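Colleague: Compact mmCIF, C-alpha atoms, file model_8.txt:
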```
# COMPACT_ATOMS: atom_id res chain seq x y z
CA MET M 1 22.05 17.00 20.89
CA THR M 2 18.76 15.99 22.55
CA PRO M 3 15.43 16.23 20.65
CA ILE M 4 14.45 19.15 22.94
CA GLU M 5 17.64 21.06 22.08
CA GLN M 6 17.15 20.30 18.38
CA ALA M 7 13.60 21.68 18.49
CA GLN M 8 14.73 24.77 20.42
CA ARG M 9 17.43 25.47 17.83
CA ALA M 10 14.89 25.05 14.99
CA LEU M 11 12.53 27.40 16.82
CA GLU M 12 15.23 30.10 17.07
CA ARG M 13 16.13 29.78 13.38
CA SER M 14 12.51 29.78 12.23
CA ARG M 15 11.94 32.93 14.31
CA ILE M 16 14.69 34.69 12.34
CA LEU M 17 13.17 33.56 9.02
CA THR M 18 9.71 34.74 10.12
CA LEU M 19 11.08 38.17 11.08
CA ILE M 20 12.93 38.45 7.75
CA ALA M 21 9.71 37.50 5.93
CA LEU M 22 7.75 40.19 7.81
CA GLY M 23 10.39 42.76 6.88
CA LEU M 24 10.15 41.69 3.23
CA LEU M 25 6.35 41.94 3.44
CA GLY M 26 6.86 45.58 4.44
CA THR M 27 8.98 46.13 1.30
CA VAL M 28 6.20 44.58 -0.83
CA TYR M 29 3.80 47.16 0.63
CA VAL M 30 6.20 50.04 -0.09
CA ARG M 31 6.91 48.86 -3.64
CA ALA M 32 3.27 48.13 -4.47
CA ILE M 33 1.87 51.38 -3.00
CA TRP M 34 4.54 53.94 -3.97
CA PHE M 35 6.68 52.43 -6.75
CA THR M 36 4.15 50.65 -8.99
CA PRO M 37 1.95 52.61 -11.42
CA VAL M 38 -1.78 52.95 -10.88
CA GLU M 39 -3.77 50.93 -13.40
CA ALA M 40 -5.69 53.37 -15.64
CA ILE M 41 -9.09 51.58 -15.78
CA GLN M 42 -9.38 49.94 -12.34
CA GLY M 43 -7.58 52.68 -10.40
CA PRO M 44 -5.78 52.18 -7.04
CA ALA M 45 -8.06 49.22 -6.12
CA GLN M 46 -6.09 47.15 -8.67
CA LYS M 47 -3.15 47.25 -6.21
CA ILE M 48 -5.06 44.80 -3.99
CA PHE M 49 -3.98 42.27 -6.61
CA TYR M 50 -0.34 42.43 -5.35
CA ILE M 51 -1.36 40.93 -2.01
CA HIS M 52 -4.43 38.94 -3.09
CA ALA M 53 -2.80 36.78 -5.80
CA PRO M 54 0.37 35.97 -3.78
CA SER M 55 -1.82 35.10 -0.76
CA ALA M 56 -3.70 32.67 -3.02
CA TRP M 57 -0.38 31.23 -4.24
CA SER M 58 0.82 30.62 -0.67
CA ALA M 59 -2.57 29.18 0.31
CA PHE M 60 -2.38 26.69 -2.57
CA LEU M 61 1.24 25.88 -1.75
CA ALA M 62 0.22 25.20 1.86
CA VAL M 63 -2.65 22.93 0.81
CA VAL M 64 -0.45 20.99 -1.65
CA VAL M 65 2.12 20.47 1.15
CA VAL M 66 -0.71 19.24 3.42
CA GLY M 67 -1.89 16.84 0.68
CA LEU M 68 1.56 15.47 -0.18
CA CYS M 69 2.45 15.05 3.51
CA SER M 70 -0.88 13.29 4.02
CA VAL M 71 -0.11 10.79 1.23
CA LEU M 72 3.39 10.25 2.67
CA TYR M 73 2.03 9.85 6.20
CA LEU M 74 -0.39 7.12 5.12
CA MET M 75 2.55 5.32 3.47
CA LEU M 76 5.28 5.86 6.11
CA ARG M 77 3.35 6.60 9.36
CA ASP M 78 6.02 9.08 10.44
CA ALA M 79 4.81 11.59 13.08
CA ARG M 80 7.12 14.32 11.70
CA ILE M 81 5.28 14.25 8.35
CA ASP M 82 1.93 14.57 10.12
CA ARG M 83 3.33 17.48 12.14
CA LEU M 84 4.39 19.26 8.93
CA ALA M 85 0.92 18.69 7.42
CA ALA M 86 -0.76 20.15 10.53
CA SER M 87 1.57 23.18 10.57
CA SER M 88 1.03 23.84 6.87
CA ALA M 89 -2.76 23.55 7.27
CA GLU M 90 -2.85 26.16 10.03
CA VAL M 91 -0.71 28.59 8.04
CA GLY M 92 -2.72 27.81 4.89
CA THR M 93 -5.91 28.76 6.73
CA VAL M 94 -4.45 32.21 7.44
CA PHE M 95 -3.51 32.71 3.77
CA THR M 96 -6.90 31.47 2.52
CA THR M 97 -8.65 33.81 4.97
CA ALA M 98 -6.63 36.71 3.51
CA VAL M 99 -7.65 35.66 -0.01
CA LEU M 100 -11.33 35.55 0.95
CA ILE M 101 -11.15 38.99 2.60
CA THR M 102 -9.03 40.89 0.04
CA GLY M 103 -10.91 39.45 -2.97
CA PRO M 104 -14.32 40.92 -2.07
CA ILE M 105 -12.71 44.27 -1.15
CA TRP M 106 -11.41 44.39 -4.76
CA GLY M 107 -14.71 43.04 -6.13
CA LYS M 108 -16.89 45.78 -4.65
CA PRO M 109 -15.39 48.75 -6.58
CA ILE M 110 -14.63 46.73 -9.76
CA TRP M 111 -17.66 44.40 -10.06
CA GLY M 112 -20.07 46.43 -7.96
CA ALA M 113 -20.60 43.43 -5.63
CA TRP M 114 -18.71 42.06 -2.62
CA TRP M 115 -19.39 38.47 -3.60
CA THR M 116 -20.69 36.37 -6.44
CA TRP M 117 -21.30 32.61 -6.35
CA ASP M 118 -19.08 31.82 -9.32
CA ALA M 119 -16.82 28.78 -9.58
CA ARG M 120 -13.53 30.40 -8.45
CA LEU M 121 -14.94 32.17 -5.41
CA THR M 122 -17.18 29.30 -4.31
CA SER M 123 -14.46 26.65 -4.65
CA THR M 124 -12.01 28.84 -2.69
CA LEU M 125 -14.62 29.16 0.06
CA PHE M 126 -14.97 25.34 0.05
CA LEU M 127 -11.18 25.07 0.44
CA TRP M 128 -11.39 27.34 3.50
CA PHE M 129 -14.13 25.09 4.95
CA ILE M 130 -11.93 22.03 4.37
CA LEU M 131 -8.96 23.70 6.10
CA VAL M 132 -11.07 24.80 9.07
CA GLY M 133 -12.60 21.31 9.19
CA TYR M 134 -9.08 19.84 9.15
CA LEU M 135 -8.06 21.95 12.17
CA VAL M 136 -11.31 21.20 14.05
CA LEU M 137 -10.88 17.48 13.34
CA ARG M 138 -7.34 17.53 14.71
CA SER M 139 -8.42 19.27 17.89
CA ALA M 140 -11.32 16.81 18.37
CA VAL M 141 -9.39 13.50 18.12
CA ARG M 142 -7.11 12.74 21.10
CA GLU M 143 -5.31 9.60 19.95
CA PRO M 144 -2.31 10.83 17.85
CA ARG M 145 -2.20 8.05 15.22
CA GLN M 146 -5.96 8.04 14.69
CA ARG M 147 -5.92 11.86 14.48
CA ALA M 148 -3.13 11.78 11.89
CA ARG M 149 -4.90 9.13 9.78
CA PHE M 150 -8.27 10.93 9.75
CA ALA M 151 -6.63 14.29 9.06
CA ALA M 152 -4.56 12.80 6.20
CA VAL M 153 -7.73 11.76 4.34
CA LEU M 154 -9.14 15.29 4.64
CA GLY M 155 -5.77 16.78 3.67
CA ILE M 156 -5.72 14.76 0.44
CA LEU M 157 -9.27 15.92 -0.40
CA GLY M 158 -8.17 19.53 0.14
CA MET M 159 -5.24 19.10 -2.23
CA LEU M 160 -7.53 17.68 -4.94
CA LEU M 161 -9.47 20.95 -4.86
CA VAL M 162 -6.41 23.08 -5.80
CA PRO M 163 -6.14 22.26 -9.55
CA PHE M 164 -9.91 22.61 -9.79
CA ILE M 165 -9.75 26.12 -8.27
CA HIS M 166 -6.88 27.11 -10.59
CA LEU M 167 -8.65 25.84 -13.72
CA SER M 168 -12.14 27.01 -12.68
CA VAL M 169 -11.71 30.32 -14.55
CA LYS M 170 -11.04 28.34 -17.75
CA MET M 171 -13.66 25.62 -17.19
CA PHE M 172 -16.60 27.85 -16.26
CA ARG M 173 -17.96 31.20 -17.29
CA THR M 174 -16.78 33.37 -14.41
CA LEU M 175 -16.41 37.00 -13.38
CA HIS M 176 -12.99 36.30 -11.87
CA PRO M 177 -10.04 37.58 -13.99
CA GLN M 178 -8.02 35.04 -15.98
CA PRO M 179 -4.46 34.23 -14.80
CA VAL M 180 -1.95 36.95 -15.78
CA VAL M 181 1.25 35.02 -15.01
CA MET M 182 0.56 31.29 -15.11
CA ASN M 183 -1.08 31.10 -18.53
CA PRO M 184 0.09 29.45 -21.78
CA GLU M 185 0.68 32.79 -23.57
CA GLY M 186 3.09 33.97 -20.85
CA PRO M 187 2.68 36.94 -18.46
CA THR M 188 0.29 39.63 -19.73
CA LEU M 189 1.15 42.41 -17.26
CA PRO M 190 3.29 45.52 -17.99
CA GLY M 191 6.90 45.17 -16.79
CA GLN M 192 6.78 47.22 -13.57
CA MET M 193 3.54 45.62 -12.41
CA LEU M 194 4.86 42.15 -13.26
CA ALA M 195 8.09 42.82 -11.30
CA THR M 196 6.07 43.86 -8.22
CA LEU M 197 3.82 40.84 -8.52
CA LEU M 198 6.73 38.38 -8.92
CA PHE M 199 8.57 39.98 -5.99
CA SER M 200 5.42 39.63 -3.92
CA PHE M 201 5.06 35.96 -4.93
CA ALA M 202 8.65 35.34 -3.74
CA VAL M 203 8.08 37.17 -0.42
CA PHE M 204 4.82 35.34 0.29
CA THR M 205 6.64 32.04 -0.36
CA VAL M 206 9.28 33.02 2.24
CA LEU M 207 6.50 34.10 4.62
CA TYR M 208 4.79 30.72 4.19
CA ALA M 209 8.10 28.92 4.83
CA GLY M 210 8.89 31.01 7.94
CA LEU M 211 5.45 30.64 9.52
CA THR M 212 5.20 26.91 8.76
CA TRP M 213 8.69 26.19 10.07
CA GLN M 214 7.93 28.21 13.21
CA ARG M 215 4.68 26.28 13.78
CA TYR M 216 6.42 22.96 13.08
CA ALA M 217 9.27 23.72 15.51
CA GLN M 218 6.79 24.62 18.27
CA SER M 219 4.92 21.33 17.81
CA ALA M 220 8.22 19.42 17.71
CA LEU M 221 9.29 21.05 20.99
CA GLU M 222 5.96 20.24 22.66
CA ASP M 223 6.17 16.61 21.47
CA ALA M 224 9.83 16.30 22.58
CA ARG M 225 8.95 17.62 26.05
CA GLY M 226 5.97 15.24 26.22
CA ASP M 227 8.23 12.30 25.29
CA ALA M 228 10.80 13.38 27.91
CA ARG M 229 8.08 13.57 30.60
CA ALA M 230 6.79 10.12 29.60
CA GLU M 231 10.36 8.75 29.82
CA GLY M 232 10.80 10.30 33.26
CA ALA M 233 7.53 8.81 34.51
CA ARG M 234 8.69 5.27 33.59
CA MET K 235 -10.45 59.24 -15.77
CA THR K 236 -8.89 56.92 -13.17
CA PRO K 237 -11.50 55.95 -10.55
CA ALA K 238 -10.94 57.17 -6.98
CA ASN K 239 -11.19 53.90 -5.11
CA GLY K 240 -8.00 54.03 -3.05
CA GLY K 241 -9.95 53.50 0.18
CA TYR K 242 -10.65 49.89 -0.83
CA ALA K 243 -6.94 49.29 -1.47
CA VAL K 244 -6.03 50.82 1.91
CA ALA K 245 -8.64 48.65 3.66
CA ALA K 246 -7.35 45.47 1.97
CA TYR K 247 -3.71 46.27 2.77
CA VAL K 248 -4.48 47.09 6.41
CA ILE K 249 -6.59 43.96 6.96
CA ALA K 250 -3.97 41.72 5.31
CA ALA K 251 -1.21 43.30 7.47
CA VAL K 252 -3.26 42.79 10.65
CA LEU K 253 -3.86 39.16 9.68
CA TYR K 254 -0.27 38.27 8.77
CA VAL K 255 1.55 40.32 11.41
CA GLY K 256 -1.03 39.32 14.04
CA TYR K 257 -0.63 35.61 13.32
CA ALA K 258 3.18 35.87 13.18
CA ALA K 259 3.23 37.81 16.48
CA TRP K 260 0.97 35.21 18.10
CA LEU K 261 3.33 32.44 16.90
CA LEU K 262 6.45 34.31 18.02
CA ARG K 263 5.00 35.01 21.46
CA ARG K 264 3.89 31.40 21.81
CA GLY K 265 7.38 30.26 20.79
CA ALA K 266 9.03 32.61 23.27
CA LYS K 267 6.90 31.21 26.13
CA SER K 268 7.72 27.58 25.29
```
Rewrite the structure of this file - the entire thing - as C-alpha cells.

Modeller:
Amino acid sequence: MTPIEQAQRALERSRILTLIALGLLGTVYVRAIWFTPVEAIQGPAQKIFYIHAPSAWSAFLAVVVVGLCSVLYLMLRDARIDRLAASSAEVGTVFTTAVLITGPIWGKPIWGAWWTWDARLTSTLFLWFILVGYLVLRSAVREPRQRARFAAVLGILGMLLVPFIHLSVKMFRTLHPQPVVMNPEGPTLPGQMLATLLFSFAVFTVLYAGLTWQRYAQSALEDARGDARAEGAR
Amino acid sequence: MTPANGGYAVAAYVIAAVLYVGYAAWLLRRGAKS
C-alpha cells in the first residue's frame, strides 16, 4: 500500500471515530440535562461543570501529548511525531477555548463575576496563549525541520504548565472549586452526578482522539502527496 | 430555594456544541475535499 493510500484509509477510519464521538457528545448532553439531578445550591448552572471539566481534561491531555511528542521529536527527529504534536495542539486549542468560555458563563451566576485573575484562571489563559503561539509559530516558519524544532521547544513549555494549573487550586488561595474527582480523598460528588461526569470524561477523551487522528491523517495525506509530487518532478 | 440560572447553562451548552461540532464539521469537510 502506498503512503497516499495509507493516509486515505486512516482518514476514513478517523472520520468514523469523529462521528461516533459527536454522537456520544449528544448523549452526554441528554444525560447531563435530563437525567442528572439539579444541584440544590448552585441550581442548573452547575450542569456547565459536565462539559467544562471534561473539556479541561481533554485540553490537558492534548497539551501533554504535544509536550511528550516534542521531547520525542527532539530525540528522534521523526516527522510523524511532529505531525502528531501539531495535530494535538490544534485540537487542544479548541478544548482550551471551550474551557475559557464555559468557565466564565458558570462564574457569572455563582461568583457574581465573569472573570477573576486568580491562579487557575490566569494560568489556563496563559496555556491558551502558548497554544495559539504554537500554531502561529508553525504557520510562520516555512522550513519543516526548523519549524518542528522551534515548535517542540514551545510544546515542552506548554506541557510544563499543566501540573501547575492542576495544582494551582491547592497552592494558592483561589475562588476556583477544588477537584471533585482527582483528589486524595477520592470523588466527593453524589453517585448520579459522578456517573455523568465520568461518562463525559470518557466521551471527551474519545472526541479528542477522533479529532486529533482526523487532523493527523489530513496532514499525513498532504505530506504524502507533496512527497509524490517531488518524486515525480525528479 | 434553587436559583433560576438555567439560561447560563443553556448558553454554555450551546456555545460548546457550536465550537466542537463546528470544528469537527470543518475538519470533516476539509478531509472530504482532500

Colleague: Residues of chain K were defined as contacting chain M if any atom lay at most 6 Å from it, counting all atoms listed in the file; please report them as a PDB file with C-alpha atoms, in the coordinates of the input.

Modeller:
```
ATOM      1  CA  THR K 236      -8.890  56.920 -13.170  1.00  0.00           C
ATOM      2  CA  PRO K 237     -11.500  55.950 -10.550  1.00  0.00           C
ATOM      3  CA  ASN K 239     -11.190  53.900  -5.110  1.00  0.00           C
ATOM      4  CA  GLY K 240      -8.000  54.030  -3.050  1.00  0.00           C
ATOM      5  CA  TYR K 242     -10.650  49.890  -0.830  1.00  0.00           C
ATOM      6  CA  ALA K 243      -6.940  49.290  -1.470  1.00  0.00           C
ATOM      7  CA  ALA K 246      -7.350  45.470   1.970  1.00  0.00           C
ATOM      8  CA  ALA K 250      -3.970  41.720   5.310  1.00  0.00           C
TER       9      ALA K 250
END
```

Colleague: For a test of reading the model, state the distance in Å between CA of Glu5 in chain M and CA of Arg145 in chain M, rounded to one decimal.

Modeller: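 Separation between CA of Glu5 in chain M and CA of Arg145 in chain M: 24.7 Å.
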
Colleague: Go ahead and compute the interatomic distance for CA of Met182 in chain M and CA of His166 in chain M, in Å to one decimal.

Modeller: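 Atom-to-atom, CA of Met182 in chain M and CA of His166 in chain M are spaced 9.7 Å apart.
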
Colleague: I want to know what sits within 8 Å of Val28 in chain M, based on all atoms listed in the file, with residues of the same chain fewer than 5 positions away left out; could you give that as a VMD selection string?

Modeller: chain M and resid 196 199 to 200 203

Colleague: Would you compute the distance between CA of Pro177 in chain M and CA of Gly133 in chain M? Give it in Å to one decimal.

Modeller: 28.4 Å

Colleague: Within 8 Å of Asp82 in chain M, counting only C-alpha atoms, which residues qualify if same-chain residues fewer than 5 places away don't, as JSON, numbers by chain?

Modeller: {"M": [69, 70, 73, 148, 152]}

Colleague: Need the axis-aligned box for range 246-265 of chain K with 4 Å each side, so what are the centre and edges in Å to one decimal, as AutoDock Vina command-line options?

Modeller:
```
--center_x 0.0 --center_y 38.7 --center_z 11.9 --size_x 22.7 --size_y 24.8 --size_z 27.8
```
